[in-house]
>>> print(open('work.txt').read())   # compact mmCIF, C-alpha atoms
# COMPACT_ATOMS: atom_id res chain seq x y z
CA MET L 286 55.48 64.43 106.63
CA THR L 287 56.28 60.76 106.19
CA GLN L 288 59.70 59.59 105.09
CA SER L 289 58.23 58.35 101.81
CA THR L 290 57.05 61.85 100.91
CA ASP L 291 60.26 63.66 101.93
CA LEU L 292 61.62 64.98 98.63
CA ASN L 293 64.88 66.01 100.28
CA LEU L 294 65.50 62.40 101.27
CA SER L 295 64.62 60.95 97.86
CA ILE L 296 66.87 63.46 96.06
CA PHE L 297 69.65 62.80 98.55
CA GLU L 298 69.46 59.07 97.83
CA ARG L 299 69.74 59.83 94.10
CA ALA L 300 72.60 62.26 94.73
CA LYS L 301 74.64 59.74 96.70
CA ARG L 302 74.66 57.44 93.68
CA VAL L 303 76.21 60.05 91.36
CA ILE L 304 77.98 62.59 93.63
CA PRO L 305 80.47 61.64 96.39
CA GLY L 306 78.55 61.93 99.64
CA GLY L 307 75.62 63.38 97.72
CA VAL L 308 77.01 66.93 97.88
CA ASN L 309 79.44 69.00 95.83
CA SER L 310 81.10 70.55 98.87
CA PRO L 311 81.54 68.71 102.20
CA VAL L 312 80.27 71.64 104.26
CA ARG L 313 76.81 71.13 102.75
CA ALA L 314 76.56 67.63 104.13
CA PHE L 315 74.91 66.88 107.45
CA ASN L 316 77.61 64.41 108.47
CA ALA L 317 78.51 66.44 111.56
CA VAL L 318 74.94 66.89 112.80
CA GLY L 319 73.17 63.85 111.34
CA GLY L 320 70.04 63.74 109.24
CA THR L 321 69.27 64.66 105.66
CA PRO L 322 70.57 67.82 103.96
CA ARG L 323 67.93 70.26 102.79
CA PHE L 324 67.95 70.57 99.00
CA VAL L 325 67.10 74.17 98.17
CA ARG L 326 64.43 74.82 95.56
CA ARG L 327 64.40 78.62 95.59
CA ALA L 328 65.39 81.61 97.71
CA GLN L 329 64.28 85.18 98.18
CA GLY L 330 65.36 87.84 100.64
CA ALA L 331 66.21 86.28 104.00
CA TYR L 332 64.60 82.92 103.21
CA PHE L 333 64.92 79.77 101.17
CA TRP L 334 62.51 76.93 100.51
CA ASP L 335 63.51 73.29 100.30
CA GLN L 336 62.13 70.61 97.99
CA ASN L 337 59.25 70.04 100.41
CA GLU L 338 58.44 73.77 100.18
CA GLN L 339 59.35 74.28 103.83
CA GLN L 340 60.49 77.85 104.43
CA PHE L 341 63.68 78.56 106.38
CA THR L 342 65.15 81.78 107.68
CA ASP L 343 68.62 81.58 106.15
CA TYR L 344 71.63 82.27 108.37
CA ILE L 345 74.30 80.93 106.02
CA GLY L 346 73.58 83.12 102.96
CA SER L 347 75.53 80.88 100.56
CA TRP L 348 78.28 80.91 103.23
CA GLY L 349 78.64 84.68 103.12
CA PRO L 350 78.09 86.22 99.67
CA MET L 351 74.41 87.11 100.06
CA ILE L 352 74.93 90.22 102.15
CA LEU L 353 71.93 91.88 100.50
CA GLY L 354 69.79 88.77 100.76
CA HIS L 355 68.70 86.52 97.93
CA GLY L 356 67.39 87.96 94.68
CA HIS L 357 67.92 91.65 95.36
CA PRO L 358 66.08 93.34 92.47
CA GLU L 359 68.90 95.72 91.50
CA VAL L 360 71.52 92.96 91.52
CA LEU L 361 69.19 90.70 89.57
CA ALA L 362 68.65 93.41 86.96
CA ALA L 363 72.42 93.89 86.57
CA VAL L 364 72.93 90.15 86.10
CA GLN L 365 70.11 89.85 83.58
CA ALA L 366 71.45 92.77 81.53
CA ALA L 367 74.95 91.28 81.54
CA ALA L 368 73.66 87.85 80.51
CA LEU L 369 72.02 89.34 77.43
CA GLU L 370 75.41 90.67 76.35
CA GLY L 371 77.20 87.33 76.64
CA PHE L 372 78.14 84.68 79.17
CA SER L 373 81.92 84.63 78.72
CA PHE L 374 84.37 86.08 76.22
CA GLY L 375 87.90 84.98 77.07
CA ALA L 376 88.89 88.59 76.43
CA PRO L 377 89.01 91.64 78.72
CA THR L 378 85.98 93.80 79.46
CA GLU L 379 85.58 97.31 80.85
CA ARG L 380 83.49 96.00 83.73
CA GLU L 381 86.53 94.12 85.09
CA VAL L 382 88.34 97.45 85.26
CA VAL L 383 85.42 99.19 86.96
CA LEU L 384 85.13 96.43 89.55
CA ALA L 385 88.88 96.51 90.21
CA GLU L 386 88.71 100.28 90.67
CA LYS L 387 85.81 99.89 93.11
CA ILE L 388 87.64 97.25 95.18
CA LEU L 389 90.80 99.36 95.36
CA SER L 390 88.81 102.42 96.43
CA LEU L 391 87.46 100.47 99.39
CA MET L 392 90.72 98.77 100.42
CA PRO L 393 93.57 101.29 100.14
CA SER L 394 96.24 98.74 101.16
CA MET L 395 96.20 97.57 97.54
CA ASP L 396 97.35 99.34 94.36
CA MET L 397 96.41 96.53 91.98
CA VAL L 398 94.11 93.52 92.04
CA ARG L 399 93.73 90.32 90.02
CA LEU L 400 90.28 88.77 89.62
CA VAL L 401 89.85 84.98 89.84
CA SER L 402 86.93 82.60 90.29
CA SER L 403 87.18 81.17 93.82
CA GLY L 404 88.64 81.85 97.24
CA THR L 405 90.82 78.75 96.96
CA GLU L 406 92.24 80.04 93.68
CA ALA L 407 92.88 83.46 95.19
CA GLY L 408 94.64 82.03 98.26
CA MET L 409 96.75 79.64 96.22
CA SER L 410 97.78 82.43 93.87
CA ALA L 411 98.62 84.77 96.75
CA LEU L 412 100.98 82.16 98.20
CA ARG L 413 102.72 81.68 94.86
CA LEU L 414 103.04 85.44 94.48
CA ALA L 415 104.54 85.79 97.97
CA ARG L 416 107.08 83.07 97.26
CA GLY L 417 107.91 84.56 93.88
CA TYR L 418 108.33 88.04 95.31
CA THR L 419 110.51 87.03 98.27
CA GLY L 420 112.39 84.13 96.67
CA ARG L 421 111.64 82.03 99.77
CA ASN L 422 109.68 78.83 100.25
CA LYS L 423 108.39 78.55 103.82
CA ILE L 424 104.90 79.72 104.68
CA VAL L 425 103.27 80.10 108.09
CA LYS L 426 99.60 79.39 108.71
CA PHE L 427 97.55 78.90 111.86
CA ASN L 428 95.74 75.93 113.31
CA GLY L 429 91.98 76.19 112.73
CA CYS L 430 92.21 78.68 109.87
CA TYR L 431 91.00 77.70 106.42
CA HIS L 432 92.32 79.27 103.23
CA GLY L 433 90.89 76.94 100.61
CA HIS L 434 91.85 73.44 99.57
CA ALA L 435 95.21 74.19 97.93
CA ASP L 436 97.65 71.37 98.72
CA ALA L 437 100.14 73.47 100.72
CA LEU L 438 97.37 74.70 103.02
CA LEU L 439 95.75 71.38 103.88
CA VAL L 440 98.09 70.89 106.80
CA LYS L 441 97.55 70.06 110.45
CA ALA L 442 99.93 71.06 113.21
CA GLY L 443 102.89 68.89 114.17
CA SER L 444 104.01 68.27 117.73
CA GLY L 445 106.30 71.30 117.76
CA LEU L 446 108.10 73.84 115.62
CA ALA L 447 110.80 71.36 114.71
CA THR L 448 108.11 68.95 113.48
CA PHE L 449 106.50 70.34 110.38
CA GLY L 450 102.83 69.77 109.76
CA ALA L 451 101.44 66.68 108.11
CA SER L 452 98.80 66.81 105.41
CA SER L 453 95.22 66.76 106.66
CA SER L 454 94.04 65.28 103.35
CA ALA L 455 94.91 62.13 101.48
CA GLY L 456 96.49 62.79 98.10
CA VAL L 457 98.78 65.58 99.29
CA PRO L 458 102.46 64.52 99.18
CA GLN L 459 104.58 65.31 102.21
CA ASP L 460 107.03 67.11 99.93
CA VAL L 461 104.31 69.63 99.11
CA VAL L 462 103.66 70.55 102.76
CA LYS L 463 107.19 70.28 104.11
CA ASP L 464 107.61 74.06 103.89
CA THR L 465 104.33 74.84 105.67
CA VAL L 466 104.75 75.76 109.34
CA VAL L 467 101.54 75.51 111.36
CA LEU L 468 101.26 77.58 114.55
CA GLU L 469 98.55 78.15 117.13
CA TYR L 470 96.23 81.09 116.45
CA ASN L 471 96.62 83.99 118.89
CA ASP L 472 99.86 82.56 120.35
CA VAL L 473 102.39 85.41 120.22
CA SER L 474 105.22 83.54 121.91
CA GLN L 475 105.03 80.65 119.43
CA LEU L 476 104.98 83.13 116.56
CA GLU L 477 108.13 84.80 117.88
CA GLN L 478 109.80 81.43 118.29
CA ALA L 479 108.99 80.49 114.69
CA PHE L 480 110.56 83.65 113.33
CA ALA L 481 113.60 83.23 115.55
CA GLN L 482 114.05 79.75 114.10
CA PHE L 483 113.04 80.22 110.45
CA GLY L 484 112.79 83.99 109.89
CA GLY L 485 115.16 84.22 106.92
CA ASP L 486 113.32 81.41 105.10
CA ILE L 487 109.72 82.55 105.61
CA ALA L 488 108.03 83.93 102.50
CA CYS L 489 104.76 84.84 104.15
CA VAL L 490 102.33 84.49 107.03
CA ILE L 491 98.74 83.87 105.96
CA MET L 492 95.99 84.56 108.47
CA GLU L 493 92.28 85.13 108.86
CA PRO L 494 91.53 88.26 110.90
CA ILE L 495 88.44 86.45 112.16
CA ALA L 496 88.72 82.68 111.91
CA GLY L 497 85.32 81.75 110.53
CA ASN L 498 86.05 78.04 110.34
CA MET L 499 86.50 78.02 114.09
CA ASN L 500 83.01 79.55 114.16
CA PHE L 501 84.10 83.09 115.09
CA VAL L 502 87.49 83.67 116.70
CA ARG L 503 89.04 87.12 116.47
CA ALA L 504 92.74 87.60 116.09
CA SER L 505 93.84 89.60 119.13
CA VAL L 506 95.23 93.06 118.50
CA ASP L 507 98.59 92.06 120.03
CA PHE L 508 98.76 88.95 117.82
CA THR L 509 97.95 90.93 114.67
CA ARG L 510 100.41 93.69 115.53
CA ARG L 511 103.19 91.18 116.21
CA ILE L 512 102.63 89.39 112.89
CA ARG L 513 102.93 92.72 111.13
CA GLU L 514 106.10 93.65 113.03
CA LEU L 515 107.83 90.31 112.55
CA THR L 516 107.05 90.00 108.85
CA ARG L 517 108.45 93.46 108.20
CA GLU L 518 111.49 92.80 110.36
CA HIS L 519 112.34 89.56 108.53
CA GLY L 520 111.37 90.59 105.00
CA ALA L 521 108.35 88.28 104.82
CA LEU L 522 104.89 89.22 103.54
CA MET L 523 101.68 89.31 105.53
CA ILE L 524 98.72 87.81 103.66
CA TYR L 525 95.32 88.78 105.03
CA ASP L 526 92.61 86.31 104.09
CA GLU L 527 89.45 88.40 103.86
CA VAL L 528 87.43 85.92 101.80
CA MET L 529 84.93 85.73 104.65
CA THR L 530 85.39 89.13 106.31
CA GLY L 531 85.97 91.33 103.26
CA PHE L 532 83.19 93.93 102.82
CA ARG L 533 81.04 91.99 105.31
CA VAL L 534 82.42 92.97 108.72
CA ALA L 535 83.00 96.53 107.50
CA LEU L 536 83.06 98.31 104.14
CA GLY L 537 86.86 98.39 104.28
CA GLY L 538 87.08 94.81 105.49
CA ALA L 539 88.57 93.58 108.75
CA GLN L 540 91.78 95.43 107.98
CA SER L 541 89.93 98.73 108.41
CA VAL L 542 88.71 97.55 111.84
CA TYR L 543 92.22 96.60 112.98
CA ALA L 544 93.69 99.80 111.54
CA GLN L 545 91.61 101.71 114.11
CA GLN L 546 93.49 99.88 116.87
CA ILE L 547 96.93 99.52 115.22
CA PRO L 548 98.03 102.86 113.71
CA GLY L 549 99.32 102.45 110.18
CA PHE L 550 98.26 98.82 109.96
CA GLU L 551 97.85 97.23 106.55
CA PRO L 552 98.67 93.80 105.12
CA ASP L 553 100.97 93.20 102.14
CA ILE L 554 98.55 90.97 100.20
CA THR L 555 94.79 90.71 100.64
CA VAL L 556 92.71 87.73 99.54
CA MET L 557 89.01 88.37 98.88
CA GLY L 558 85.92 86.44 97.82
CA LYS L 559 82.24 85.83 98.63
CA VAL L 560 80.72 89.33 98.93
CA ILE L 561 82.68 90.72 95.95
CA GLY L 562 80.86 88.22 93.74
CA GLY L 563 77.43 88.76 95.27
CA GLY L 564 76.70 85.04 94.90
CA MET L 565 78.50 84.48 91.60
CA PRO L 566 81.87 82.63 91.35
CA LEU L 567 84.29 85.51 91.80
CA ALA L 568 87.28 86.18 94.06
CA ALA L 569 90.41 88.32 93.97
CA PHE L 570 93.80 89.03 95.49
CA GLY L 571 95.61 92.34 95.57
CA ALA L 572 98.68 94.11 96.91
CA ARG L 573 100.84 97.14 96.39
CA ARG L 574 102.16 97.69 92.89
CA ALA L 575 105.69 96.36 93.41
CA ILE L 576 104.31 92.98 94.49
CA MET L 577 101.54 92.69 91.90
CA GLU L 578 103.90 93.51 89.04
CA LYS L 579 105.61 90.17 89.70
CA LEU L 580 102.50 88.52 88.18
CA SER L 581 102.41 87.46 84.56
CA PRO L 582 102.24 88.97 81.99
CA LEU L 583 104.45 91.60 83.69
CA GLY L 584 106.55 89.30 85.85
CA PRO L 585 107.68 85.71 86.33
CA VAL L 586 104.87 84.47 88.65
CA TYR L 587 102.35 82.66 86.47
CA GLN L 588 98.61 82.80 87.15
CA ALA L 589 95.73 82.50 84.70
CA GLY L 590 92.04 81.59 84.51
CA THR L 591 89.63 81.05 81.62
CA LEU L 592 86.66 82.47 83.53
CA SER L 593 88.54 85.12 85.54
CA GLY L 594 86.65 88.42 85.40
CA ASN L 595 83.56 86.69 84.01
CA PRO L 596 81.16 89.39 82.70
CA ILE L 597 78.11 88.12 84.58
CA ALA L 598 80.00 87.63 87.84
CA THR L 599 81.55 91.09 87.65
CA ALA L 600 78.14 92.65 87.01
CA CYS L 601 76.74 90.90 90.08
CA GLY L 602 79.72 91.80 92.26
CA LEU L 603 79.92 95.41 91.14
CA ARG L 604 76.26 96.17 91.83
CA THR L 605 76.54 94.43 95.21
CA LEU L 606 79.54 96.55 96.21
CA GLU L 607 77.80 99.71 95.05
CA LEU L 608 74.72 98.96 97.14
CA ILE L 609 76.61 98.06 100.33
CA SER L 610 78.62 101.28 100.00
CA ALA L 611 75.54 103.26 101.01
CA PRO L 612 76.14 105.38 104.15
CA GLY L 613 75.21 103.53 107.32
CA PHE L 614 74.79 100.13 105.63
CA HIS L 615 77.30 98.24 107.76
CA GLU L 616 76.36 100.02 110.96
CA ALA L 617 72.75 98.88 110.47
CA LEU L 618 73.89 95.36 109.60
CA HIS L 619 76.07 95.21 112.72
CA ALA L 620 73.16 96.29 114.88
CA ARG L 621 70.85 93.72 113.31
CA THR L 622 73.38 90.93 113.86
CA GLY L 623 73.87 92.12 117.42
CA ARG L 624 70.13 91.86 118.02
CA LEU L 625 70.26 88.20 117.03
CA MET L 626 73.29 87.44 119.18
CA ALA L 627 71.95 89.26 122.22
CA GLY L 628 68.62 87.51 121.88
CA LEU L 629 70.13 84.03 121.60
CA LYS L 630 72.40 84.62 124.57
CA ALA L 631 69.58 85.95 126.74
CA GLU L 632 67.47 82.87 126.03
CA ALA L 633 70.38 80.50 126.67
CA ASP L 634 71.22 82.26 129.93
CA ALA L 635 67.60 82.04 131.02
CA ALA L 636 67.65 78.29 130.34
CA GLY L 637 70.96 77.83 132.18
CA ILE L 638 72.83 76.82 129.01
CA PRO L 639 76.49 77.91 128.77
CA PHE L 640 76.56 80.25 125.77
CA SER L 641 78.93 82.89 124.40
CA VAL L 642 78.57 85.07 121.32
CA ASP L 643 80.47 87.51 119.14
CA HIS L 644 79.77 89.39 115.92
CA GLN L 645 81.12 92.04 113.58
CA GLY L 646 79.07 93.53 110.77
CA GLY L 647 77.02 90.71 109.30
CA LEU L 648 79.28 87.89 110.57
CA PHE L 649 78.52 86.07 113.81
CA GLY L 650 79.50 83.10 115.92
CA PHE L 651 78.19 81.41 119.05
CA TYR L 652 79.53 78.68 121.29
CA LEU L 653 78.01 76.40 123.87
CA LEU L 654 80.77 77.57 126.19
CA PRO L 655 80.74 80.03 129.10
CA GLU L 656 83.47 82.19 127.52
CA LEU L 657 84.58 82.95 123.98
CA PRO L 658 87.52 80.80 122.84
CA ALA L 659 90.73 82.26 121.41
CA THR L 660 92.39 79.12 120.07
CA TRP L 661 91.47 75.93 118.24
CA ALA L 662 92.04 73.88 121.40
CA GLU L 663 89.53 76.04 123.28
CA VAL L 664 87.03 75.82 120.42
CA MET L 665 87.24 72.03 120.57
CA LYS L 666 85.84 72.07 124.12
CA THR L 667 82.38 72.89 122.75
CA ASP L 668 79.71 70.26 123.44
CA GLY L 669 79.07 68.83 119.97
CA ALA L 670 76.11 66.68 120.97
CA LEU L 671 74.39 69.66 122.58
CA PHE L 672 74.99 71.75 119.44
CA ASN L 673 73.48 69.04 117.25
CA ARG L 674 70.30 69.06 119.32
CA PHE L 675 70.15 72.84 119.10
CA PHE L 676 70.72 72.75 115.33
CA HIS L 677 67.95 70.25 114.66
CA GLY L 678 65.57 71.99 117.04
CA MET L 679 66.02 75.23 115.14
CA LEU L 680 65.84 73.45 111.78
CA GLU L 681 62.50 71.87 112.69
CA ARG L 682 61.18 75.34 113.49
CA GLY L 683 62.35 76.79 110.15
CA HIS L 684 65.67 78.46 111.04
CA TYR L 685 68.75 77.31 109.14
CA PHE L 686 72.13 77.69 110.83
CA ALA L 687 75.38 76.15 109.63
CA PRO L 688 75.15 72.35 109.89
CA ALA L 689 78.53 72.21 111.60
CA LEU L 690 79.75 73.21 115.02
CA TYR L 691 82.74 75.19 113.79
CA GLU L 692 81.24 77.43 111.09
CA ALA L 693 80.39 81.12 111.38
CA GLY L 694 76.93 82.43 110.50
CA PHE L 695 75.70 85.34 108.42
CA VAL L 696 72.98 87.96 108.67
CA SER L 697 71.91 89.91 105.58
CA ALA L 698 70.34 93.29 105.00
CA ALA L 699 67.16 91.43 104.08
CA HIS L 700 66.71 90.05 107.60
CA THR L 701 64.15 92.14 109.46
CA GLU L 702 63.82 92.66 113.20
CA ALA L 703 60.71 90.49 113.00
CA ASP L 704 62.76 87.68 111.40
CA ILE L 705 65.32 87.88 114.16
CA ASP L 706 62.72 88.05 116.92
CA LYS L 707 61.03 84.96 115.47
CA THR L 708 64.38 83.14 115.48
CA VAL L 709 65.01 84.13 119.09
CA GLN L 710 61.53 82.92 120.07
CA ALA L 711 62.29 79.57 118.41
CA ALA L 712 65.58 79.39 120.29
CA ARG L 713 63.71 79.94 123.57
CA GLU L 714 61.67 76.84 122.86
CA VAL L 715 64.72 74.81 121.83
CA PHE L 716 66.87 75.81 124.80
CA LYS L 717 64.15 74.55 127.14
CA THR L 718 64.53 71.09 125.59
CA LEU L 719 68.31 70.83 125.81
>>> encode(input="work.txt", output="structure tokens")
Amino acid sequence: MTQSTDLNLSIFERAKRVIPGGVNSPVRAFNAVGGTPRFVRRAQGAYFWDQNEQQFTDYIGSWGPMILGHGHPEVLAAVQAAALEGFSFGAPTEREVVLAEKILSLMPSMDMVRLVSSGTEAGMSALRLARGYTGRNKIVKFNGCYHGHADALLVKAGSGLATFGASSSAGVPQDVVKDTVVLEYNDVSQLEQAFAQFGGDIACVIMEPIAGNMNFVRASVDFTRRIRELTREHGALMIYDEVMTGFRVALGGAQSVYAQQIPGFEPDITVMGKVIGGGMPLAAFGARRAIMEKLSPLGPVYQAGTLSGNPIATACGLRTLELISAPGFHEALHARTGRLMAGLKAEADAAGIPFSVDHQGGLFGFYLLPELPATWAEVMKTDGALFNRFFHGMLERGHYFAPALYEAGFVSAAHTEADIDKTVQAAREVFKTL
């Protein structure tokens, strides 16, 4: 195909004139890997087609929500039926209650839940709730973790605990981030030092159980256990960001996986998104009753949203959760994802390419490194130029991975063994060229 007939390129040129960078979310851009973003025309099952009608096996799945694949007939039917009843009411519906009941039945750490429209909104609201509940201001987050683009969370690490983080985005005043303490992920000693220094002022610790914006880095069991111990000891709350992992790595989320290794483990507040909306704009945060009753209209912590609990989004999310609750669903998804990871690693090893992999449920990550990293500094050792060549090699062969070195990938129930074997075969060809 010549450049003049590339519809992706022509649309991208139009987009750049009316949309900053030509995309409505930076992660969709190809800035990190170079080239032209693929503009999606349609999607079905495990595939999407771009404006040139090239088919791709999709390993981003709308960055996580499409756990059943695109256009699942039962989800589509639920959405169509809901749309006929009305797009939005600005008043409560029974379906919001049913969805809340379903979420709570799957994640017993929560007694109540509040529905919102995005993961950023859920994370921001969870922080406000933690501060309102504890009466404290300081929050702790970890380098390399992403919890949405709320001002207080767009912070990069300072040079030490006495040097608070600086904003990683223009437009965020230093006063807004002065109470955000940024620590290294999986560093227990630094965590203990932070609580020794600031313990009485810390409202909460917010963490990802698997850091999906470092590609795929698990929180160690010791690190997770120590966060739970220290927050309880100092009267702070533990916020578990399961926007990416919730209902995808296991039916009960990552917290159910860690509870198998840490008896009695549960977070104070859980943030959820992606899968619970099934592809529609829907997210949530929940906690035990005493915490959630601090929210308006019951308590003094204000939070509201015109489209919260949208009737079409709740229909999509509810049917998705019902379908993934089928016995054996996540075990099969984990095995399918494992087939992909094992295949990629075997081909890389055969080609003499340093390669490490990890996965849980339908979430996966791989690195052009000999061993899996545990911190942001270790992640940063990945060969970016080598990844870019791998990415474009796979893209040319019709397999779409995240166009960024530090993003996790996703397998859906719609991916077949044949799809995965075809991807592995493509990777064999690409690895030979690296």
>>> residues_around(input="work.txt", residues="L:Asp704", least_positions_apart="3", cutoff="10 Å", atoms="all atoms listed in the file", output="list of chain:residue names")
L:Ala331, L:Tyr332, L:Thr342, L:Asp343, L:Leu625, L:His684, L:Ala699, L:His700, L:Thr701, L:Lys707, L:Thr708, L:Val709, L:Gln710
>>> residues_around(input="work.txt", residues="L:Phe570", least_positions_apart="6", cutoff="7 Å", atoms="only C-alpha atoms", output="JSON, numbers by chain")
{"L": [398, 399, 400, 407, 411, 554, 555, 556, 557]}
>>> atom_distance(input="work.txt", atom1="atom CA of L:Ser610", atom2="atom CA of L:Cys430")
28.2 Å
>>> atom_distance(input="work.txt", atom1="atom CA of L:Arg624", atom2="atom CA of L:Val642")
11.3 Å
>>> axis_aligned_box(input="work.txt", around="stretch 318-331 of chain L", padding_each_side="3 Å", output="JSON")
{"center_x": 69.6, "center_y": 75.8, "center_z": 104.2, "size_x": 16.7, "size_y": 30.1, "size_z": 23.2}
>>> residues_around(input="work.txt", residues="L:Pro322", least_positions_apart="2", cutoff="10 Å", atoms="all atoms listed in the file", output="VMD selection string")
chain L and resid 293 to 294 296 to 297 307 to 308 313 to 316 318 to 320 324 to 325 335 688
>>> closest_residue(input="work.txt", among="L:Val528, L:Ala712, L:Val506, L:Ile388", to="L:Ala635", atoms="all atoms listed in the file")
L:Ala712
>>> closest_residue(input="work.txt", among="L:Phe614, L:Tyr685, L:Phe427, L:Phe716", to="L:Leu653", atoms="all atoms listed in the file")
L:Phe716
>>> atom_distance(input="work.txt", atom1="atom CA of L:Pro658", atom2="atom CA of L:Val467")
18.9 Å
>>> residues_around(input="work.txt", residues="L:Ile524", least_positions_apart="4", cutoff="9 Å", atoms="all atoms listed in the file", output="list of chain:residue names")
L:Gly408, L:Ala411, L:Leu412, L:Ala415, L:Cys489, L:Val490, L:Ile491, L:Met492, L:Glu493, L:Pro552, L:Asp553, L:Ile554, L:Thr555, L:Val556
>>> residues_near_point(input="work.txt", point="(71.8, 66.4, 118.6)", cutoff="10 Å", atoms="all atoms listed in the file", output="mmCIF file with C-alpha atoms, in the frame of the given file")
data_model
loop_
_atom_site.group_PDB
_atom_site.id
_atom_site.type_symbol
_atom_site.label_atom_id
_atom_site.label_comp_id
_atom_site.auth_asym_id
_atom_site.auth_seq_id
_atom_site.Cartn_x
_atom_site.Cartn_y
_atom_site.Cartn_z
ATOM 1 C CA ALA L 317 78.510 66.440 111.560
ATOM 2 C CA VAL L 318 74.940 66.890 112.800
ATOM 3 C CA GLY L 319 73.170 63.850 111.340
ATOM 4 C CA GLY L 320 70.040 63.740 109.240
ATOM 5 C CA GLY L 669 79.070 68.830 119.970
ATOM 6 C CA ALA L 670 76.110 66.680 120.970
ATOM 7 C CA LEU L 671 74.390 69.660 122.580
ATOM 8 C CA PHE L 672 74.990 71.750 119.440
ATOM 9 C CA ASN L 673 73.480 69.040 117.250
ATOM 10 C CA ARG L 674 70.300 69.060 119.320
ATOM 11 C CA PHE L 675 70.150 72.840 119.100
ATOM 12 C CA PHE L 676 70.720 72.750 115.330
ATOM 13 C CA HIS L 677 67.950 70.250 114.660
ATOM 14 C CA GLY L 678 65.570 71.990 117.040
ATOM 15 C CA LEU L 719 68.310 70.830 125.810
#
>>> closest_residue(input="work.txt", among="L:Gln482, L:Thr530, L:Thr290, L:Thr516", to="L:Ala496", atoms="all atoms listed in the file")
L:Thr530
>>> closest_residue(input="work.txt", among="L:Leu657, L:Ile352, L:Ala620, L:Ala687", to="L:Glu702", atoms="only C-alpha atoms")
L:Ala620
>>> residues_around(input="work.txt", residues="L:Ser394", least_positions_apart="3", cutoff="10 Å", atoms="all atoms listed in the file", output="list of chain:residue names")
L:Leu389, L:Ser390, L:Leu391, L:Met397, L:Gly537, L:Gln540, L:Ser541, L:Phe550, L:Glu551, L:Pro552, L:Asp553, L:Ile554, L:Thr555, L:Gly571, L:Ala572, L:Arg573
>>> closest_residue(input="work.txt", among="L:Ala617, L:Ala598, L:Leu369, L:Ala455", to="L:Leu439", atoms="all atoms listed in the file")
L:Ala455
>>> decode(input="work.txt", residues="stretch 293-305 of chain L", atoms="N, CA and C atoms", output="short mmCIF file (atom, residue, chain, number, x, y, z; two decimals), in the first residue's frame")
data_model
loop_
_atom_site.label_atom_id
_atom_site.label_comp_id
_atom_site.auth_asym_id
_atom_site.auth_seq_id
_atom_site.Cartn_x
_atom_site.Cartn_y
_atom_site.Cartn_z
N ASN L 293 -5.26 5.44 7.26
CA ASN L 293 -4.85 5.78 8.63
C ASN L 293 -4.05 7.08 8.63
N LEU L 294 -3.12 7.19 7.69
CA LEU L 294 -2.27 8.37 7.62
C LEU L 294 -3.08 9.62 7.29
N SER L 295 -3.98 9.52 6.33
CA SER L 295 -4.76 10.70 5.95
C SER L 295 -5.67 11.15 7.08
N ILE L 296 -6.26 10.21 7.80
CA ILE L 296 -7.12 10.57 8.94
C ILE L 296 -6.28 11.16 10.06
N PHE L 297 -5.08 10.59 10.26
CA PHE L 297 -4.20 11.11 11.30
C PHE L 297 -3.81 12.56 11.01
N GLU L 298 -3.54 12.87 9.77
CA GLU L 298 -3.20 14.25 9.40
C GLU L 298 -4.38 15.17 9.68
N ARG L 299 -5.59 14.73 9.39
CA ARG L 299 -6.78 15.52 9.72
C ARG L 299 -6.92 15.67 11.23
N ALA L 300 -6.70 14.57 11.95
CA ALA L 300 -6.88 14.57 13.41
C ALA L 300 -5.93 15.54 14.08
N LYS L 301 -4.69 15.60 13.60
CA LYS L 301 -3.70 16.48 14.23
C LYS L 301 -4.06 17.96 14.12
N ARG L 302 -4.91 18.29 13.15
CA ARG L 302 -5.33 19.68 13.00
C ARG L 302 -6.42 20.07 14.00
N VAL L 303 -7.15 19.08 14.54
CA VAL L 303 -8.30 19.40 15.39
C VAL L 303 -8.23 18.77 16.78
N ILE L 304 -7.31 17.82 16.99
CA ILE L 304 -7.16 17.14 18.27
C ILE L 304 -5.69 17.18 18.65
N PRO L 305 -5.34 17.59 19.87
CA PRO L 305 -3.92 17.65 20.25
C PRO L 305 -3.21 16.31 20.04
#
